[in-house]
$ cat my_file_22.csv   # CSV, C-alpha atoms and all ligand atoms
chain,number,residue,atom,x,y,z
A,2,MET,CA,-63.4,-36.2,1.7
A,3,GLN,CA,-66.5,-36.1,3.9
A,4,ASN,CA,-69.6,-35.7,1.9
A,5,THR,CA,-73.1,-34.3,2.2
A,6,GLY,CA,-75.7,-36.6,3.7
A,7,LYS,CA,-73.6,-39.7,3.0
A,8,SER,CA,-72.8,-42.1,5.7
A,9,MET,CA,-69.5,-42.3,7.5
A,10,GLN,CA,-68.5,-45.0,5.0
A,11,SER,CA,-67.5,-42.2,2.6
A,12,VAL,CA,-65.0,-40.9,5.2
A,13,ASP,CA,-61.4,-41.8,4.6
A,14,GLU,CA,-60.3,-44.4,7.2
A,15,SER,CA,-57.2,-42.3,8.1
A,16,VAL,CA,-59.3,-39.3,9.3
A,17,LYS,CA,-62.0,-41.2,11.2
A,18,GLU,CA,-60.3,-40.9,14.5
A,19,LEU,CA,-60.2,-37.1,14.1
A,20,LEU,CA,-64.0,-37.0,14.0
A,21,SER,CA,-66.1,-36.9,17.1
A,22,GLY,CA,-66.6,-40.4,18.4
A,23,GLY,CA,-64.2,-41.8,15.9
A,24,GLY,CA,-66.8,-41.6,13.2
A,25,LYS,CA,-69.2,-43.9,15.2
A,26,ASP,CA,-71.3,-41.4,17.1
A,27,ILE,CA,-73.7,-38.6,16.1
A,28,PRO,CA,-71.2,-35.8,15.6
A,29,LEU,CA,-71.5,-32.2,17.0
A,30,PHE,CA,-70.0,-30.8,13.8
A,31,LYS,CA,-69.8,-32.0,10.2
A,32,VAL,CA,-68.2,-30.6,7.1
A,33,PHE,CA,-70.7,-29.7,4.4
A,34,MET,CA,-69.1,-30.2,1.0
A,35,PRO,CA,-71.3,-30.8,-2.1
A,36,GLU,CA,-70.0,-32.9,-4.9
A,37,SER,CA,-71.0,-30.1,-7.3
A,38,VAL,CA,-67.9,-28.1,-6.1
A,39,MET,CA,-65.6,-30.3,-8.1
A,40,GLU,CA,-66.2,-28.9,-11.6
A,41,PRO,CA,-65.8,-25.2,-10.8
A,42,LEU,CA,-62.9,-26.1,-8.6
A,43,ARG,CA,-61.2,-28.0,-11.4
A,44,LYS,CA,-61.7,-25.1,-13.7
A,45,VAL,CA,-60.2,-22.5,-11.4
A,46,LEU,CA,-57.3,-24.7,-10.4
A,47,MET,CA,-56.4,-25.1,-14.1
A,48,SER,CA,-57.2,-21.6,-15.2
A,49,GLY,CA,-53.8,-20.1,-14.6
A,50,TYR,CA,-55.2,-17.6,-12.1
A,51,ILE,CA,-55.6,-18.8,-8.5
A,52,GLY,CA,-54.9,-15.6,-6.5
A,53,GLU,CA,-57.4,-12.9,-5.5
A,54,GLY,CA,-59.4,-12.1,-8.7
A,55,PRO,CA,-62.8,-12.1,-10.3
A,56,ARG,CA,-64.2,-15.0,-8.3
A,57,VAL,CA,-63.4,-13.3,-5.0
A,58,GLU,CA,-65.3,-10.2,-6.3
A,59,GLU,CA,-68.2,-12.4,-7.4
A,60,PHE,CA,-68.3,-14.1,-4.0
A,61,GLU,CA,-68.4,-10.7,-2.3
A,62,ARG,CA,-71.3,-9.6,-4.6
A,63,GLN,CA,-73.2,-12.8,-3.8
A,64,LEU,CA,-72.5,-12.5,0.0
A,65,ALA,CA,-73.9,-8.9,0.1
A,66,PRO,CA,-77.6,-9.9,0.3
A,67,TRP,CA,-76.8,-12.3,3.1
A,68,PHE,CA,-75.5,-9.4,5.1
A,69,GLY,CA,-77.9,-6.7,3.9
A,70,ASN,CA,-74.8,-4.8,3.1
A,71,GLU,CA,-72.6,-4.3,0.0
A,72,ASN,CA,-69.5,-3.3,1.9
A,73,VAL,CA,-68.1,-6.8,2.0
A,74,LEU,CA,-64.4,-7.9,2.0
A,75,ALA,CA,-63.7,-11.6,1.6
A,76,LEU,CA,-60.7,-12.6,3.6
A,77,ASN,CA,-58.5,-15.7,4.4
A,78,ASN,CA,-60.3,-16.4,7.8
A,79,GLY,CA,-62.5,-14.9,10.5
A,80,THR,CA,-59.5,-14.1,12.8
A,81,SER,CA,-58.1,-11.8,10.1
A,82,ALA,CA,-61.5,-10.2,9.8
A,83,LEU,CA,-61.4,-9.4,13.5
A,84,GLN,CA,-57.9,-8.0,13.4
A,85,LEU,CA,-58.7,-5.9,10.3
A,86,ALA,CA,-61.8,-4.6,12.0
A,87,LEU,CA,-59.8,-3.5,15.1
A,88,ARG,CA,-57.3,-1.8,12.8
A,89,LEU,CA,-60.0,0.0,10.9
A,90,ALA,CA,-61.5,1.1,14.2
A,91,ASN,CA,-58.1,2.6,14.9
A,92,VAL,CA,-57.5,0.5,18.0
A,93,ASP,CA,-53.9,1.2,19.0
A,94,TYR,CA,-51.3,0.4,21.6
A,95,GLY,CA,-52.7,1.0,25.1
A,96,ASP,CA,-56.3,1.5,24.1
A,97,GLU,CA,-59.0,-0.5,25.8
A,98,VAL,CA,-61.5,-2.8,24.1
A,99,ILE,CA,-64.5,-4.1,26.0
A,100,SER,CA,-65.1,-7.7,25.1
A,101,THR,CA,-66.6,-11.0,26.2
A,102,ALA,CA,-64.7,-13.9,27.8
A,103,MET,CA,-67.3,-16.4,26.6
A,104,THR,CA,-66.0,-17.2,23.2
A,105,CYS,CA,-63.3,-18.7,21.0
A,106,SER,CA,-59.9,-17.3,21.9
A,107,ALA,CA,-59.8,-16.1,18.3
A,108,THR,CA,-62.1,-13.3,19.3
A,109,ASN,CA,-59.7,-11.8,21.8
A,110,GLU,CA,-56.2,-12.7,20.6
A,111,PRO,CA,-56.4,-10.0,17.8
A,112,ILE,CA,-57.0,-7.4,20.6
A,113,LEU,CA,-53.6,-8.4,22.1
A,114,ALA,CA,-52.0,-8.4,18.6
A,115,MET,CA,-53.0,-4.7,18.4
A,116,GLY,CA,-51.2,-4.0,21.7
A,117,ALA,CA,-54.6,-3.0,23.3
A,118,LYS,CA,-56.0,-4.0,26.6
A,119,ILE,CA,-59.1,-6.1,27.2
A,120,VAL,CA,-61.7,-5.1,29.6
A,121,TRP,CA,-64.1,-8.0,30.2
A,122,ALA,CA,-67.8,-7.2,30.4
A,123,ASP,CA,-70.1,-9.8,32.0
A,124,ILE,CA,-72.6,-11.8,30.0
A,125,ASP,CA,-76.3,-12.7,30.3
A,126,PRO,CA,-76.1,-16.2,31.9
A,127,TRP,CA,-79.2,-17.3,29.9
A,128,THR,CA,-77.9,-16.4,26.4
A,129,GLY,CA,-74.1,-16.4,26.7
A,130,ASN,CA,-74.0,-12.9,25.2
A,131,ILE,CA,-72.4,-9.7,26.5
A,132,ASP,CA,-74.4,-7.6,28.9
A,133,PRO,CA,-74.9,-4.0,27.6
A,134,GLU,CA,-75.3,-2.6,31.2
A,135,ASP,CA,-72.0,-4.0,32.2
A,136,ILE,CA,-70.4,-2.5,29.1
A,137,ALA,CA,-71.7,0.9,30.0
A,138,ALA,CA,-70.3,0.6,33.5
A,139,LYS,CA,-66.8,-0.2,32.2
A,140,ILE,CA,-66.2,2.5,29.6
A,141,THR,CA,-63.2,4.7,30.4
A,142,PRO,CA,-61.5,7.6,28.4
A,143,LYS,CA,-59.3,4.9,26.9
A,144,THR,CA,-62.1,2.7,25.5
A,145,LYS,CA,-62.0,2.6,21.7
A,146,ALA,CA,-64.3,-0.3,20.8
A,147,ILE,CA,-66.9,-2.8,22.0
A,148,MET,CA,-66.4,-6.4,20.8
A,149,CYS,CA,-69.5,-8.7,21.0
A,150,VAL,CA,-70.0,-12.4,20.1
A,151,HIS,CA,-73.4,-13.8,19.0
A,152,TRP,CA,-73.1,-17.1,21.0
A,153,GLY,CA,-74.1,-20.1,18.9
A,154,GLY,CA,-75.7,-17.6,16.4
A,155,TYR,CA,-78.1,-15.9,18.7
A,156,PRO,CA,-77.7,-12.1,18.2
A,157,CYS,CA,-76.6,-9.8,21.0
A,158,ASP,CA,-78.6,-6.7,22.1
A,159,LEU,CA,-77.4,-4.8,19.0
A,160,GLY,CA,-79.8,-1.8,19.6
A,161,GLU,CA,-78.4,-1.2,23.1
A,162,LEU,CA,-74.8,-1.8,22.1
A,163,ASN,CA,-75.0,0.6,19.2
A,164,THR,CA,-76.7,3.3,21.4
A,165,ILE,CA,-74.0,3.0,24.1
A,166,ALA,CA,-71.3,3.2,21.4
A,167,ALA,CA,-72.8,6.2,19.8
A,168,GLU,CA,-73.1,8.0,23.1
A,169,HIS,CA,-69.4,7.5,23.8
A,170,GLY,CA,-68.0,7.7,20.3
A,171,LEU,CA,-67.0,4.0,20.2
A,172,LYS,CA,-66.9,1.5,17.4
A,173,VAL,CA,-68.9,-1.8,17.6
A,174,ILE,CA,-67.3,-4.9,16.2
A,175,GLU,CA,-69.5,-7.9,16.0
A,176,ASP,CA,-67.7,-11.3,16.1
A,177,ALA,CA,-70.4,-12.9,13.9
A,178,CYS,CA,-68.3,-16.1,13.3
A,179,HIS,CA,-71.2,-18.2,14.7
A,180,ALA,CA,-73.9,-16.1,13.2
A,181,PHE,CA,-74.0,-16.3,9.4
A,182,GLY,CA,-77.7,-16.2,8.4
A,183,SER,CA,-78.9,-14.9,11.8
A,184,THR,CA,-81.2,-11.8,12.0
A,185,TYR,CA,-81.8,-9.0,14.4
A,186,HIS,CA,-85.0,-7.0,14.1
A,187,ASP,CA,-85.7,-8.7,10.8
A,188,LYS,CA,-82.4,-7.5,9.3
A,189,PRO,CA,-79.4,-9.8,8.6
A,190,ILE,CA,-76.4,-9.8,10.9
A,191,GLY,CA,-73.9,-7.7,9.0
A,192,SER,CA,-76.2,-4.7,8.6
A,193,HIS,CA,-76.3,-3.3,12.2
A,194,SER,CA,-72.9,-2.2,13.4
A,195,ASP,CA,-69.6,-0.6,12.2
A,196,PHE,CA,-68.1,-4.0,11.6
A,197,ALA,CA,-69.2,-7.6,11.5
A,198,CYS,CA,-66.8,-10.5,11.1
A,199,PHE,CA,-67.6,-13.9,9.7
A,200,SER,CA,-65.8,-17.2,9.5
A,201,PHE,CA,-66.1,-19.8,6.8
A,202,GLN,CA,-63.8,-22.3,8.5
A,203,ALA,CA,-64.3,-26.1,8.1
A,204,ILE,CA,-67.2,-26.8,10.4
A,205,LYS,CA,-69.3,-23.6,9.9
A,206,GLU,CA,-72.7,-23.8,8.3
A,207,MET,CA,-70.9,-22.7,5.1
A,208,THR,CA,-67.2,-23.3,4.6
A,209,THR,CA,-64.6,-22.3,2.2
A,210,ILE,CA,-62.2,-24.7,4.0
A,211,ASP,CA,-60.7,-21.6,5.6
A,212,GLY,CA,-62.1,-18.2,4.9
A,213,GLY,CA,-63.8,-15.2,6.3
A,214,ALA,CA,-65.5,-11.9,5.6
A,215,LEU,CA,-65.5,-8.4,7.1
A,216,VAL,CA,-68.6,-6.3,6.5
A,217,CYS,CA,-68.2,-2.6,7.1
A,218,LYS,CA,-70.9,0.0,7.7
A,219,SER,CA,-69.0,2.7,5.8
A,220,LYS,CA,-67.8,2.6,2.3
A,221,ALA,CA,-64.6,4.4,3.4
A,222,ASP,CA,-63.8,1.6,5.9
A,223,ARG,CA,-64.4,-0.9,3.2
A,224,GLU,CA,-62.1,0.9,0.8
A,225,ARG,CA,-59.3,1.3,3.4
A,226,GLY,CA,-59.8,-2.4,4.4
A,227,ARG,CA,-59.5,-3.4,0.7
A,228,LEU,CA,-56.0,-2.0,0.7
A,229,LEU,CA,-55.0,-3.2,4.1
A,230,ARG,CA,-56.0,-6.8,3.3
A,231,TRP,CA,-53.2,-6.9,0.8
A,232,TYR,CA,-50.1,-5.1,2.1
A,233,GLY,CA,-51.7,-1.7,1.7
A,234,ILE,CA,-51.4,-2.0,-2.1
A,235,ASP,CA,-54.3,-1.2,-4.4
A,236,ARG,CA,-54.5,-4.3,-6.7
A,237,LYS,CA,-56.8,-2.3,-9.0
A,238,SER,CA,-54.5,0.6,-9.7
A,239,LYS,CA,-53.3,0.8,-13.3
A,240,ARG,CA,-49.5,0.2,-13.3
A,241,LYS,CA,-47.0,-0.2,-16.0
A,242,ASP,CA,-44.9,-2.8,-14.2
A,243,LEU,CA,-47.2,-5.0,-12.1
A,244,ARG,CA,-47.0,-3.7,-8.5
A,245,CYS,CA,-43.5,-2.0,-8.6
A,246,GLU,CA,-44.7,1.6,-8.9
A,247,ALA,CA,-47.3,1.8,-6.2
A,248,ASP,CA,-46.5,3.8,-3.1
A,249,ILE,CA,-47.7,2.1,0.1
A,250,VAL,CA,-49.2,4.7,2.4
A,251,GLU,CA,-49.8,2.5,5.4
A,252,TYR,CA,-48.8,-1.0,6.3
A,253,GLY,CA,-51.2,-3.8,5.7
A,254,TYR,CA,-51.6,-7.6,5.9
A,255,LYS,CA,-51.9,-10.7,3.8
A,256,PHE,CA,-55.5,-11.3,4.7
A,257,HIS,CA,-57.1,-11.6,1.2
A,258,MET,CA,-59.2,-14.5,0.0
A,259,ASN,CA,-58.1,-16.3,-3.2
A,260,ASP,CA,-60.1,-17.4,-6.2
A,261,VAL,CA,-59.9,-21.1,-5.3
A,262,THR,CA,-61.6,-20.7,-1.9
A,263,ALA,CA,-64.0,-18.2,-3.4
A,264,VAL,CA,-65.2,-20.8,-5.9
A,265,ILE,CA,-65.9,-23.1,-3.0
A,266,GLY,CA,-67.8,-20.3,-1.3
A,267,LEU,CA,-69.9,-19.6,-4.4
A,268,GLU,CA,-70.9,-23.2,-4.6
A,269,GLN,CA,-71.7,-23.4,-0.9
A,270,LEU,CA,-74.0,-20.3,-1.2
A,271,LYS,CA,-76.3,-22.4,-3.3
A,272,TYR,CA,-77.0,-24.7,-0.4
A,273,VAL,CA,-76.5,-22.6,2.8
A,274,GLY,CA,-80.2,-21.4,2.9
A,275,LYS,CA,-81.4,-25.0,3.2
A,276,THR,CA,-78.6,-25.9,5.6
A,277,ILE,CA,-79.7,-23.1,8.0
A,278,GLU,CA,-83.4,-24.0,7.6
A,279,LYS,CA,-82.5,-27.5,8.9
A,280,HIS,CA,-80.5,-26.2,11.9
A,281,LYS,CA,-83.4,-23.9,12.8
A,282,ALA,CA,-86.0,-26.7,12.4
A,283,HIS,CA,-84.0,-29.0,14.7
A,284,ALA,CA,-83.6,-26.2,17.3
A,285,ALA,CA,-87.3,-25.6,17.2
A,286,GLN,CA,-87.9,-29.3,18.0
A,287,TYR,CA,-85.5,-29.1,20.9
A,288,ASN,CA,-87.1,-25.9,22.3
A,289,LYS,CA,-90.5,-27.6,22.3
A,290,ALA,CA,-89.2,-30.8,23.8
A,291,PHE,CA,-87.1,-29.2,26.6
A,292,ARG,CA,-89.5,-26.3,27.4
A,293,ASP,CA,-90.8,-27.7,30.7
A,294,LEU,CA,-87.7,-29.6,31.9
A,295,LYS,CA,-86.0,-28.7,35.2
A,296,VAL,CA,-82.5,-30.0,34.8
A,297,VAL,CA,-81.9,-29.7,31.1
A,298,ARG,CA,-82.9,-26.1,30.3
A,299,PRO,CA,-82.9,-24.3,27.0
A,300,LEU,CA,-81.4,-20.8,26.8
A,301,ARG,CA,-83.9,-17.8,27.0
A,302,TYR,CA,-84.2,-16.2,23.7
A,303,LYS,CA,-86.2,-13.1,22.6
A,304,ASP,CA,-88.4,-13.3,19.6
A,305,ASP,CA,-87.2,-10.0,18.1
A,306,ARG,CA,-84.2,-11.8,16.6
A,307,SER,CA,-83.4,-15.2,15.2
A,308,SER,CA,-80.4,-17.5,15.5
A,309,ALA,CA,-79.1,-19.6,12.5
A,310,HIS,CA,-78.2,-22.1,15.3
A,311,TRP,CA,-74.7,-23.0,14.4
A,312,LEU,CA,-74.9,-24.3,17.9
A,313,TYR,CA,-77.8,-25.5,20.1
A,314,THR,CA,-76.7,-24.7,23.7
A,315,ILE,CA,-78.5,-25.7,26.8
A,316,ARG,CA,-77.8,-25.4,30.5
A,317,VAL,CA,-77.6,-28.6,32.5
A,318,LYS,CA,-76.9,-29.6,36.1
A,319,ASP,CA,-73.8,-31.8,36.5
A,320,ARG,CA,-72.6,-31.2,32.9
A,321,ASP,CA,-69.8,-33.8,32.9
A,322,ARG,CA,-72.3,-36.5,33.8
A,323,PHE,CA,-74.7,-35.2,31.0
A,324,ILE,CA,-71.8,-35.3,28.4
A,325,GLN,CA,-71.1,-38.9,29.5
A,326,HIS,CA,-74.8,-39.8,29.4
A,327,MET,CA,-75.1,-38.5,25.8
A,328,LYS,CA,-71.8,-40.3,24.9
A,329,ASP,CA,-73.1,-43.6,26.2
A,330,ALA,CA,-76.0,-43.1,23.8
A,331,SER,CA,-73.5,-42.3,20.9
A,332,ILE,CA,-74.2,-38.6,20.9
A,333,ILE,CA,-71.4,-36.0,21.1
A,334,ALA,CA,-72.0,-33.0,23.4
A,335,SER,CA,-69.4,-30.4,24.2
A,336,LYS,CA,-68.7,-27.0,25.9
A,337,VAL,CA,-67.2,-25.9,22.5
A,338,HIS,CA,-65.4,-22.9,23.9
A,339,ALA,CA,-63.8,-22.4,27.4
A,340,ARG,CA,-64.0,-19.0,29.1
A,341,ASN,CA,-61.1,-16.9,27.8
A,342,ASP,CA,-60.2,-14.9,30.9
A,343,ASN,CA,-58.6,-17.9,32.6
A,344,HIS,CA,-55.9,-18.2,29.9
A,345,THR,CA,-52.4,-17.0,31.0
A,346,MET,CA,-52.2,-14.7,28.0
A,347,PHE,CA,-55.2,-12.7,29.4
A,348,LYS,CA,-54.1,-12.8,33.1
A,349,ASP,CA,-53.7,-9.0,33.4
A,350,PHE,CA,-57.4,-8.4,32.7
A,351,ARG,CA,-59.0,-10.7,35.3
A,352,THR,CA,-62.1,-9.5,37.1
A,353,ASP,CA,-65.3,-10.8,38.7
A,354,LEU,CA,-67.7,-12.1,36.1
A,355,PRO,CA,-70.6,-13.8,37.9
A,356,GLY,CA,-72.7,-14.2,34.6
A,357,VAL,CA,-69.7,-16.0,33.0
A,358,ASP,CA,-69.3,-18.1,36.2
A,359,GLU,CA,-73.0,-19.2,36.0
A,360,PHE,CA,-73.1,-19.8,32.3
A,361,THR,CA,-69.8,-21.6,32.0
A,362,SER,CA,-70.6,-24.0,34.8
A,363,GLU,CA,-73.6,-25.4,33.0
A,364,GLN,CA,-73.5,-24.6,29.3
A,365,VAL,CA,-73.2,-27.5,26.8
A,366,SER,CA,-74.0,-27.8,23.1
A,367,ILE,CA,-75.7,-30.8,21.5
A,368,PRO,CA,-75.8,-31.8,17.7
A,369,VAL,CA,-78.3,-29.6,15.8
A,370,GLY,CA,-77.0,-29.6,12.3
A,371,TRP,CA,-78.1,-30.4,8.7
A,372,TRP,CA,-76.8,-33.9,8.9
A,373,LEU,CA,-79.2,-35.2,11.6
A,374,THR,CA,-81.9,-37.6,10.5
A,375,LYS,CA,-85.4,-37.5,12.0
A,376,LYS,CA,-84.6,-40.6,14.0
A,377,GLU,CA,-81.4,-39.0,15.3
A,378,VAL,CA,-83.1,-35.8,16.4
A,379,GLN,CA,-85.7,-38.0,18.3
A,380,HIS,CA,-82.9,-40.0,19.8
A,381,ILE,CA,-81.1,-36.9,21.0
A,382,ILE,CA,-84.4,-35.6,22.6
A,383,ASP,CA,-85.2,-38.9,24.3
A,384,THR,CA,-81.7,-39.2,25.7
A,385,ALA,CA,-81.7,-35.6,27.1
A,386,VAL,CA,-85.2,-36.1,28.5
A,387,GLU,CA,-84.1,-39.3,30.1
A,388,TYR,CA,-81.2,-37.4,31.8
A,389,ASP,CA,-83.6,-34.8,33.1
A,390,ARG,CA,-86.0,-37.5,34.5
A,391,MET,CA,-83.0,-39.2,36.2
A,392,MET,CA,-81.5,-36.1,37.7
A,393,VAL,CA,-84.6,-34.2,38.6
A,394,LYS,CA,-84.8,-36.5,41.7
A,395,VAL,CA,-81.3,-35.3,42.7
A,396,PHE,CA,-81.4,-31.6,41.9
A,397,VAL,CA,-85.1,-30.7,42.2
A,398,ASP,CA,-87.2,-33.2,44.1
A,399,GLY,CA,-84.4,-34.3,46.4
A,401,LIG,C1,-66.5,-16.9,17.9
A,401,LIG,C2,-65.4,-17.2,16.9
A,401,LIG,N1,-64.6,-16.1,16.6
A,401,LIG,C3,-63.6,-16.2,15.7
A,401,LIG,C4,-63.3,-17.4,15.1
A,401,LIG,C5,-62.1,-17.5,14.2
A,401,LIG,O1,-62.5,-17.8,12.9
A,401,LIG,P1,-61.5,-18.5,11.8
A,401,LIG,O2,-61.2,-19.9,12.3
A,401,LIG,O3,-62.2,-18.4,10.5
A,401,LIG,O4,-60.3,-17.6,11.9
A,401,LIG,C6,-64.1,-18.5,15.4
A,401,LIG,C7,-63.8,-19.8,14.7
A,401,LIG,O5,-64.5,-20.8,14.8
A,401,LIG,C8,-65.2,-18.4,16.3
A,401,LIG,O6,-65.9,-19.5,16.7
$ encode --input "my_file_22.csv" --output "C-alpha cells"
Amino acid sequence: MQNTGKSMQSVDESVKELLSGGGKDIPLFKVFMPESVMEPLRKVLMSGYIGEGPRVEEFERQLAPWFGNENVLALNNGTSALQLALRLANVDYGDEVISTAMTCSATNEPILAMGAKIVWADIDPWTGNIDPEDIAAKITPKTKAIMCVHWGGYPCDLGELNTIAAEHGLKVIEDACHAFGSTYHDKPIGSHSDFACFSFQAIKEMTTIDGGALVCKSKADRERGRLLRWYGIDRKSKRKDLRCEADIVEYGYKFHMNDVTAVIGLEQLKYVGKTIEKHKAHAAQYNKAFRDLKVVRPLRYKDDRSSAHWLYTIRVKDRDRFIQHMKDASIIASKVHARNDNHTMFKDFRTDLPGVDEFTSEQVSIPVGWWLTKKEVQHIIDTAVEYDRMMVKVFVDG
C-alpha cells in the first residue's frame, strides 16, 4: 500500500512499475491513504454490514459542507454520477447535450449511453474550460443539457452558463471530478448548478478507492436519484419481507456507495483540507515563478474563483520536448487527457474547435500535489525555467 508522506520504499515492489517513472521520478499523481483508515476499516469489514448503510449516510452528511449543499448522493464512482445526472435531467434518446471535448472520456461516454447526441462547444484556450458564447450559438430545439468540466479544478463560467441555461430551459451538469474543494464566487463547487458530479477515484485529492458523489440543486432530484441509484427501490421503505413487496416505478441502476468505501471517505475528509491547501500553495509558487516566462506559460485565471488544483496545467511550446526535458530531470509531466472528439465513438459529432486545437497542442500538467517537498517544488520550477531559457531563443528571440 502506498502511504502518506512516506518514501517509495513503502511501495510494494510488484506495483512500482505501474507508478510514474517506475517509482523513481517525482510522480504526477499519488495515492493519499492515511494509516488511520485501518481501524475504522477493520471495524466495518467485521461488522456484518458492508452494503449501503449508516456510514454512507454519515459520509453524505459530512460531504454537504464541502459542497454548500445538503442534497448529496454518494455513489460508486464519478461516471455513475454523470450518468445519473443525465437521467435526472431527463436526457433521452435523440436529445442533444452540449459538452466539451477537452476532458476525460468518462465525461462524454454517459451521454452516448443515454442514446443522446453530443454537440461540441469550443473552449477558452487559456483555461481549458467550455466557452459560454459558443454554447449559446449551438443551442437547438433538441438541446436538453449543458455539460461542463472544471479543467484541473478551475471553475467554469458558472454565472454565464446558468444564465444561458435558464433562458432556454436547459439543465446544467457540472463534471466536477477535478474540482473537489474549488470555489466560484466564494461558494463551493456543488452549490451553483442543477447537478455537480464528483469522483473519489484512486488519484484524486481525496479517494475512496473508487467512489463518487452527485449533488443536486433540488430535493426532488435528490430523492428520485436516491431511488435510481439502487434499481429504483426505496431502501428505506418499511417492508415485511426485505425488498420483495416494493413496486419499482422506474428502472434504476446499481450506482450506490457501500459502507466500506464510505468509511475510507470519512477518514479522508479529516485530511483533505490540508491536502488541498498544499496543492494550492504549490500552484501559487508556480504562478509566481512562471509569470514572466515566454515559452512556459501559466493558464489565465480570474480571481473571482479558486481552483483546488488537482492539476497544475501550463502551455508550452514543443510539448513533447518539454515532457522529455522534465523526464530527464526525473519529473513526470503529462497531457493527462486527450481531446475526446477524435475518438471513433464520437465520430458523428466532429466539428471545428479552434480553441481545443490551440489548447490541446500546448497543454501539459506538472506535479503539484501534497507529496512534493520544498526541494522538489524548487527543482520543478528550476527545470521548467531552464526549458524556457533554452527555448526562448528558438521560439521568441529567433
Ligand atoms: C473529468 C473527469 N470526469 C469523470 C471522471 C470519472 O470518474 P470516475 O473514475 O470516478 O468514474 C474522471 C476520472 O478521473 C474525470 O477526470
$ closest_residue --input "my_file_22.csv" --among "A:Met103, A:Ile332, A:Val73, A:Ile315" --to "His151 (chain A)" --atoms "all atoms listed in the file"
A:Met103
$ closest_atom_pairs --input "my_file_22.csv" --of "chain A" --to "ligand LIG 401 (chain A)" --cutoff "6 Å" --atoms "only C-alpha atoms and all ligand atoms" --output "JSON lines"
{"residue": "A:Asn78", "atom": "CA", "partner": "A:LIG401", "partner_atom": "O3", "distance": 3.9}
{"residue": "A:Gly79", "atom": "CA", "partner": "A:LIG401", "partner_atom": "O3", "distance": 3.5}
{"residue": "A:Thr80", "atom": "CA", "partner": "A:LIG401", "partner_atom": "O4", "distance": 3.7}
{"residue": "A:Thr104", "atom": "CA", "partner": "A:LIG401", "partner_atom": "C1", "distance": 5.3}
{"residue": "A:Cys105", "atom": "CA", "partner": "A:LIG401", "partner_atom": "C1", "distance": 4.8}
{"residue": "A:Ala107", "atom": "CA", "partner": "A:LIG401", "partner_atom": "C3", "distance": 4.6}
{"residue": "A:Thr108", "atom": "CA", "partner": "A:LIG401", "partner_atom": "N1", "distance": 4.6}
{"residue": "A:Asp176", "atom": "CA", "partner": "A:LIG401", "partner_atom": "N1", "distance": 5.7}
{"residue": "A:Cys178", "atom": "CA", "partner": "A:LIG401", "partner_atom": "C2", "distance": 4.8}
{"residue": "A:His179", "atom": "CA", "partner": "A:LIG401", "partner_atom": "O6", "distance": 5.8}
{"residue": "A:Ser200", "atom": "CA", "partner": "A:LIG401", "partner_atom": "O3", "distance": 3.9}
{"residue": "A:Phe201", "atom": "CA", "partner": "A:LIG401", "partner_atom": "O3", "distance": 5.6}
{"residue": "A:Gln202", "atom": "CA", "partner": "A:LIG401", "partner_atom": "O3", "distance": 4.7}
{"residue": "A:Gly212", "atom": "CA", "partner": "A:LIG401", "partner_atom": "O3", "distance": 5.6}
{"residue": "A:Gly213", "atom": "CA", "partner": "A:LIG401", "partner_atom": "O3", "distance": 5.5}
$ closest_residue --input "my_file_22.csv" --among "A:Gly182, A:Ile99, A:Ala122, A:Arg223" --to "Ile147 (chain A)" --atoms "all atoms listed in the file"
A:Ile99
$ closest_residue --input "my_file_22.csv" --among "A:Met207, A:Leu85, A:Ala339, A:Val16" --to "Tyr252 (chain A)" --atoms "all atoms listed in the file"
A:Leu85
$ closest_residue --input "my_file_22.csv" --among "A:Leu171, A:Ile190, A:Leu19, A:Val317" --to "Lys145 (chain A)" --atoms "all atoms listed in the file"
A:Leu171
$ atom_distance --input "my_file_22.csv" --atom1 "CA of Ile51 (chain A)" --atom2 "CA of Asp260 (chain A)"
5.2 Å
$ atom_distance --input "my_file_22.csv" --atom1 "CA of Ile277 (chain A)" --atom2 "CA of Ala180 (chain A)"
10.5 Å
$ residues_around --input "my_file_22.csv" --residues "Gly226 (chain A)" --least-positions-apart "2" --cutoff "8 Å" --atoms "all atoms listed in the file" --output "VMD selection string"
chain A and resid 74 85 89 222 to 224 228 to 230
